[in-house]
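Asker: Contents of final-v7.tsv (TSV, C-alpha atoms and all ligand atoms) are below:
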```tsv
chain	number	residue	atom	x	y	z
O	1	MET	CA	12.91	-13.26	-2.56
O	2	PRO	CA	11.23	-10.55	-4.70
O	3	GLU	CA	13.42	-7.66	-5.79
O	4	LEU	CA	12.40	-4.05	-6.35
O	5	LYS	CA	12.02	-3.15	-10.03
O	6	PHE	CA	13.79	0.19	-10.03
O	7	ASP	CA	15.26	1.47	-13.30
O	8	LYS	CA	18.12	3.84	-12.58
O	9	THR	CA	18.49	4.64	-16.29
O	10	LYS	CA	15.14	6.45	-16.09
O	11	CYS	CA	16.63	8.67	-13.37
O	12	ALA	CA	19.70	9.37	-15.50
O	13	ASP	CA	17.43	10.78	-18.24
O	14	CYS	CA	15.03	12.54	-15.85
O	15	GLU	CA	15.23	16.33	-15.81
O	16	ALA	CA	12.32	17.03	-13.47
O	17	ILE	CA	13.59	15.01	-10.45
O	18	SER	CA	10.04	15.46	-9.26
O	19	CYS	CA	10.45	12.77	-6.60
O	20	LEU	CA	12.50	15.26	-4.56
O	21	VAL	CA	11.56	18.63	-6.07
O	22	LYS	CA	7.86	18.09	-5.28
O	23	CYS	CA	8.48	16.56	-1.85
O	24	GLN	CA	6.57	18.57	0.78
O	25	TYR	CA	9.07	17.70	3.50
O	26	MET	CA	12.38	18.65	1.86
O	27	ASP	CA	13.63	21.83	0.25
O	28	PHE	CA	14.88	20.80	-3.19
O	29	GLU	CA	13.87	23.68	-5.45
O	30	ASP	CA	17.35	23.49	-7.03
O	31	LYS	CA	17.06	20.60	-9.50
O	32	ASN	CA	20.82	20.16	-9.76
O	33	LYS	CA	21.07	19.68	-6.03
O	34	ALA	CA	18.11	17.30	-6.12
O	35	LYS	CA	19.74	15.28	-8.90
O	36	GLN	CA	23.02	15.02	-6.97
O	37	GLU	CA	21.27	13.93	-3.80
O	38	TRP	CA	19.12	11.39	-5.63
O	39	GLN	CA	22.18	9.96	-7.37
O	40	LYS	CA	23.81	9.44	-3.97
O	41	LEU	CA	20.77	7.51	-2.88
O	42	ILE	CA	20.81	5.36	-6.02
O	43	ASN	CA	24.50	4.64	-5.46
O	44	GLY	CA	23.83	3.51	-1.89
O	45	GLU	CA	25.72	6.45	-0.41
O	46	ASP	CA	24.67	8.49	2.62
O	47	SER	CA	22.01	11.04	1.74
O	48	SER	CA	19.96	13.54	3.74
O	49	VAL	CA	16.89	12.11	2.01
O	50	LEU	CA	17.18	8.97	4.11
O	51	THR	CA	16.70	10.83	7.38
O	52	SER	CA	14.38	13.61	6.12
O	53	CYS	CA	11.82	11.33	4.46
O	54	THR	CA	8.60	11.19	6.48
O	55	THR	CA	7.50	8.07	4.54
O	56	CYS	CA	4.45	9.84	3.09
O	57	TYR	CA	4.54	7.71	-0.11
O	58	ALA	CA	3.78	10.75	-2.32
O	59	CYS	CA	6.85	10.54	-4.56
O	60	GLU	CA	5.54	7.22	-5.86
O	61	GLU	CA	3.00	9.41	-7.68
O	62	TYR	CA	5.26	12.38	-8.33
O	63	CYS	CA	7.55	10.24	-10.49
O	64	LEU	CA	6.18	10.43	-14.02
O	65	PHE	CA	8.31	7.54	-15.25
O	66	GLY	CA	6.77	4.77	-13.19
O	67	ASN	CA	9.93	4.33	-11.16
O	68	HIS	CA	9.62	3.62	-7.46
O	69	PRO	CA	11.47	6.34	-5.56
O	70	PHE	CA	9.79	5.79	-2.21
O	71	TYR	CA	10.28	2.05	-2.23
O	72	LEU	CA	13.98	2.64	-3.07
O	73	ILE	CA	14.27	5.05	-0.13
O	74	VAL	CA	12.85	2.36	2.16
O	75	GLU	CA	15.33	-0.21	0.81
O	76	ARG	CA	18.23	2.16	1.40
O	77	GLN	CA	17.01	3.09	4.89
O	78	GLU	CA	16.96	-0.58	5.81
O	79	GLU	CA	20.40	-1.23	4.33
O	80	LYS	CA	21.81	1.57	6.50
O	81	GLY	CA	19.80	0.77	9.63
O	82	ILE	CA	17.99	4.13	9.56
O	83	LEU	CA	14.68	3.70	11.39
O	84	PRO	CA	12.00	6.35	10.69
O	85	ALA	CA	10.17	5.29	13.88
O	86	PRO	CA	11.24	4.27	17.41
O	87	ARG	CA	12.63	0.73	17.50
O	88	PRO	CA	10.09	-0.62	20.05
O	89	ILE	CA	7.22	0.44	17.77
O	90	VAL	CA	8.87	-1.17	14.76
O	91	THR	CA	9.47	-4.39	16.69
O	92	MET	CA	5.91	-4.43	17.99
O	93	TRP	CA	4.52	-4.14	14.46
O	94	VAL	CA	6.83	-6.79	13.06
O	95	ASN	CA	5.83	-9.22	15.82
O	96	GLN	CA	2.12	-8.57	16.15
O	97	CYS	CA	1.39	-9.06	12.45
O	98	GLN	CA	3.46	-12.20	12.00
O	99	PRO	CA	1.39	-14.88	10.23
O	100	VAL	CA	0.61	-17.71	12.65
O	101	GLY	CA	-1.51	-20.04	10.50
O	102	ARG	CA	-4.84	-18.83	11.90
O	103	PHE	CA	-7.12	-18.25	8.91
O	104	MET	CA	-10.15	-16.19	9.85
O	105	VAL	CA	-12.58	-16.52	6.98
O	106	GLY	CA	-16.31	-16.40	6.41
O	107	LYS	CA	-18.21	-18.26	3.71
O	108	ILE	CA	-15.86	-17.40	0.90
O	109	GLU	CA	-17.09	-16.79	-2.64
O	110	GLU	CA	-15.08	-15.78	-5.71
O	111	ARG	CA	-15.73	-12.16	-4.74
O	112	ALA	CA	-14.77	-11.41	-1.15
O	113	LEU	CA	-14.23	-8.55	1.29
O	114	SER	CA	-10.90	-8.02	3.03
O	115	TYR	CA	-10.78	-6.44	6.50
O	116	CYS	CA	-7.00	-6.76	6.47
O	117	PHE	CA	-6.01	-6.79	10.17
O	118	LEU	CA	-8.66	-4.25	11.21
O	119	PRO	CA	-11.72	-5.92	12.82
O	120	GLN	CA	-13.60	-2.62	13.00
O	121	PHE	CA	-14.30	-2.86	9.25
O	122	ASN	CA	-16.79	-5.55	10.16
O	123	THR	CA	-19.07	-2.85	11.61
O	124	LEU	CA	-19.32	-1.14	8.18
O	125	VAL	CA	-20.61	-4.23	6.46
O	126	LYS	CA	-24.37	-4.06	6.80
O	127	GLY	CA	-27.46	-3.25	4.79
O	128	LYS	CA	-28.27	-3.52	1.10
O	129	LEU	CA	-24.87	-2.29	0.02
O	130	PHE	CA	-23.43	-5.61	1.12
O	131	ASP	CA	-26.24	-7.99	0.13
O	132	GLY	CA	-24.70	-11.19	-1.20
O	133	ILE	CA	-21.16	-10.50	-0.05
O	134	ALA	CA	-21.30	-9.80	3.70
O	135	TRP	CA	-20.32	-13.35	4.69
O	136	SER	CA	-17.59	-13.67	2.10
O	137	ALA	CA	-14.85	-12.03	4.15
O	138	ILE	CA	-11.26	-12.57	5.24
O	139	PHE	CA	-9.46	-11.08	8.23
O	140	GLY	CA	-6.26	-11.41	10.24
O	141	GLN	CA	-2.51	-11.79	10.01
O	142	GLU	CA	-2.71	-14.32	7.18
O	143	PHE	CA	-4.27	-11.62	5.00
O	144	PHE	CA	-2.47	-8.56	6.37
O	145	CYS	CA	-1.22	-6.36	3.51
O	146	ASN	CA	2.13	-5.47	5.14
O	147	ALA	CA	2.29	-1.96	3.64
O	148	VAL	CA	2.82	-0.51	7.12
O	149	TYR	CA	6.43	-1.73	7.04
O	150	LEU	CA	7.21	0.95	4.47
O	151	HIS	CA	6.98	3.36	7.42
O	152	TYR	CA	9.51	1.31	9.38
O	153	ALA	CA	12.31	0.70	6.86
O	154	LYS	CA	11.40	-2.98	6.76
O	155	ALA	CA	11.24	-3.81	3.07
O	156	SER	CA	12.65	-7.23	3.97
O	157	VAL	CA	9.51	-8.09	5.96
O	158	ILE	CA	7.33	-7.13	2.99
O	159	LYS	CA	9.43	-9.20	0.60
O	160	ASP	CA	9.23	-12.19	2.90
O	161	ARG	CA	5.56	-12.03	3.85
O	162	LEU	CA	3.68	-10.44	0.95
O	163	PRO	CA	4.04	-13.35	-1.53
O	164	LYS	CA	2.66	-15.70	1.17
O	165	ILE	CA	-0.23	-13.35	1.93
O	166	ILE	CA	-1.15	-13.20	-1.77
O	167	ASP	CA	-0.94	-17.01	-1.94
O	168	ASN	CA	-3.20	-17.27	1.11
O	169	ILE	CA	-5.83	-15.14	-0.63
O	170	ARG	CA	-5.54	-17.08	-3.89
O	171	ASN	CA	-5.85	-20.38	-2.00
O	172	GLN	CA	-9.27	-19.29	-0.75
O	173	GLY	CA	-10.43	-19.31	-4.38
O	174	ILE	CA	-10.88	-15.54	-4.38
O	175	LYS	CA	-10.91	-13.91	-7.84
O	176	GLU	CA	-11.95	-10.39	-6.80
O	177	LEU	CA	-11.03	-8.83	-3.49
O	178	VAL	CA	-12.83	-5.74	-2.21
O	179	CYS	CA	-10.27	-3.96	-0.03
O	180	LEU	CA	-11.93	-2.05	2.80
O	181	HIS	CA	-8.46	-0.98	3.91
O	182	ASP	CA	-6.91	1.51	1.44
O	183	GLU	CA	-3.42	0.20	2.16
O	184	CYS	CA	-4.42	-3.27	0.95
O	185	TYR	CA	-5.50	-1.75	-2.35
O	186	GLY	CA	-2.22	0.20	-2.55
O	187	THR	CA	-0.27	-2.95	-1.77
O	188	PHE	CA	-1.92	-5.05	-4.45
O	189	THR	CA	-1.95	-2.37	-7.16
O	190	SER	CA	1.46	-0.74	-6.55
O	191	LEU	CA	3.72	-2.49	-4.06
O	192	ALA	CA	3.29	-6.05	-5.34
O	193	PRO	CA	3.86	-5.12	-9.02
O	194	ALA	CA	6.86	-2.99	-8.02
O	195	TYR	CA	8.42	-6.13	-6.58
O	196	GLY	CA	7.42	-8.27	-9.57
O	197	ILE	CA	4.88	-10.28	-7.57
O	198	ASP	CA	2.13	-11.72	-9.78
O	199	MET	CA	-1.39	-10.86	-8.74
O	200	PRO	CA	-3.75	-13.85	-9.04
O	201	PHE	CA	-6.89	-11.87	-8.12
O	202	ARG	CA	-8.34	-8.44	-8.98
O	203	PRO	CA	-8.15	-5.86	-6.18
O	204	ILE	CA	-11.17	-3.57	-5.94
O	205	HIS	CA	-11.04	-0.37	-3.89
O	206	TYR	CA	-13.80	-0.01	-1.30
O	207	TYR	CA	-15.06	3.15	-2.99
O	208	GLU	CA	-15.13	1.48	-6.40
O	209	TYR	CA	-17.28	-1.23	-4.84
O	210	LEU	CA	-19.60	1.30	-3.17
O	211	TYR	CA	-19.94	3.28	-6.40
O	212	GLY	CA	-20.93	0.15	-8.29
O	213	ARG	CA	-23.49	-0.82	-5.66
O	214	LEU	CA	-24.96	2.70	-5.55
O	215	LYS	CA	-25.46	2.57	-9.31
O	216	GLU	CA	-27.18	-0.82	-8.99
O	217	LEU	CA	-29.40	0.52	-6.21
O	218	LYS	CA	-29.99	3.98	-7.69
O	219	ASP	CA	-33.79	3.70	-7.57
O	220	LEU	CA	-33.60	3.36	-3.78
O	221	ILE	CA	-31.39	6.38	-3.22
O	222	LYS	CA	-32.92	9.33	-1.37
O	223	PRO	CA	-30.75	12.45	-1.88
O	224	LEU	CA	-29.50	14.09	1.34
O	225	ASN	CA	-28.43	17.27	-0.52
O	226	THR	CA	-25.17	17.16	1.39
O	227	LYS	CA	-21.71	17.44	-0.10
O	228	ALA	CA	-19.12	14.98	1.14
O	229	ALA	CA	-15.43	14.72	0.38
O	230	TYR	CA	-13.06	11.80	0.60
O	231	GLN	CA	-9.48	12.48	1.66
O	232	ARG	CA	-7.15	9.78	0.46
O	233	ASN	CA	-4.81	8.31	2.99
O	234	CYS	CA	-1.04	8.36	2.56
O	235	SER	CA	-0.74	5.09	0.69
E	301	LIG	S1	12.62	8.42	-9.39
E	301	LIG	FE1	11.37	9.24	-11.07
E	301	LIG	S2	11.21	11.45	-10.65
E	301	LIG	FE2	12.92	10.64	-9.41
E	301	LIG	S3	14.75	10.99	-10.66
E	301	LIG	FE3	14.03	8.89	-11.07
E	301	LIG	S4	12.70	9.07	-12.87
E	301	LIG	FE4	12.96	11.14	-12.04
E	302	LIG	S1	7.98	9.52	0.69
E	302	LIG	FE1	9.67	10.75	1.54
E	302	LIG	S2	10.81	11.56	-0.23
E	302	LIG	FE2	8.84	10.77	-0.98
E	302	LIG	S3	7.51	12.60	-1.04
E	302	LIG	FE3	7.19	11.60	0.96
E	302	LIG	S4	8.63	12.55	2.40
E	302	LIG	FE4	9.27	13.08	0.30
```
Please, can you express the file's structure as structure tokens?
Answerer:
Amino acid sequence: MPELKFDKTKCADCEAISCLVKCQYMDFEDKNKAKQEWQKLINGEDSSVLTSCTTCYACEEYCLFGNHPFYLIVERQEEKGILPAPRPIVTMWVNQCQPVGRFMVGKIEERALSYCFLPQFNTLVKGKLFDGIAWSAIFGQEFFCNAVYLHYAKASVIKDRLPKIIDNIRNQGIKELVCLHDECYGTFTSLAPAYGIDMPFRPIHYYEYLYGRLKELKDLIKPLNTKAAYQRNCS
């Protein structure tokens, strides 16, 4: 079973405690108080952080030392049986995404698209942007990234299922995976390494893919003179 790579010696030397001080959902302007509370969490003691955390993921980026404060919070929530969501919802998610051995794949090439467990992504895949890759796609429980369980204090489900999901993708012969679902990209670039899981393929964010294709097709682009913004999701 993979184990979280969390280095508590980094926290001992950390003066910023930015994981809690920068948190938008807790009031930890006092760094000494933040340090005390964080130490309780490291020690496995009760902490207000465990019930106040909205599972927004942000402290994974606030920490400047590459530690994994949010993933540690999730581990501790699970150890203490603290559920950030109603139990029926958690149970529904655990059950509905269970791998069942049904591999939904297209004509797979070394570069493939992942729809994760969201069939609506299929509707985005059309036109010149997807020439040569549209049929090389995977979908379903066997390829589900599992990041959602970070919202449900279910690190154990991630540790059990994620290595199998990554194996399933590798076994398709995929070397580069274009993740249409942001959480897949977050899973493969952050969550898997945090748990020491080797990545046998290169994850590519959907927008990285689109940017590359737009550069390749630049002579066909007709400017709309419209500004657009992309708001990242939580993970
Ligand atoms: S998790 Fe990161 S930011 Fe938080 S105390 Fe540890 S080193 Fe500092
Ligand atoms: S994941 Fe929790 S502790 Fe971390 S920034 Fe978000 S609300 Fe705060």
Asker: Between atom CA of Asn43 of chain O and atom CA of Val90 of chain O, what is the distance, to one decimal in Å?
Answerer: 26.2 Å
Asker: Could you list, with a cut-off of 6 Å and counting only C-alpha atoms, the residues of segment 78-155 of chain O near segment 178-186 of chain O, each shown with its nearest atom pair and the distance in Å rounded to one decimal, rows sorted by chain and ascending number, as JSON lines?
Answerer:
```
{"residue": "O:Leu113", "atom": "CA", "partner": "O:Val178", "partner_atom": "CA", "distance": 4.7}
{"residue": "O:Ser114", "atom": "CA", "partner": "O:Cys179", "partner_atom": "CA", "distance": 5.1}
{"residue": "O:Tyr115", "atom": "CA", "partner": "O:Leu180", "partner_atom": "CA", "distance": 5.9}
{"residue": "O:Cys145", "atom": "CA", "partner": "O:Cys184", "partner_atom": "CA", "distance": 5.1}
```
Asker: Which residues come within 7 Å of Phe117 of chain O, counting all atoms listed in the file, excluding same-chain residues fewer than 2 positions away, as a count of residues only?
Answerer: 6
Asker: Taking 4 positions as the minimum chain separation for residues in the same chain, which residues sit within 8 Å of Leu72 of chain O when counting all atoms listed in the file? Answer as a list in words.
Answerer: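 The contact residues come out as Leu4, Phe6, Ile42, His68 and Arg76 of chain O.
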Asker: Please report the interatomic distance between atom CA of Val100 of chain O and atom CA of Arg161 of chain O in Å with one decimal.
Answerer: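 Going from atom CA of Val100 of chain O over to atom CA of Arg161 of chain O, I get 11.6 Å.
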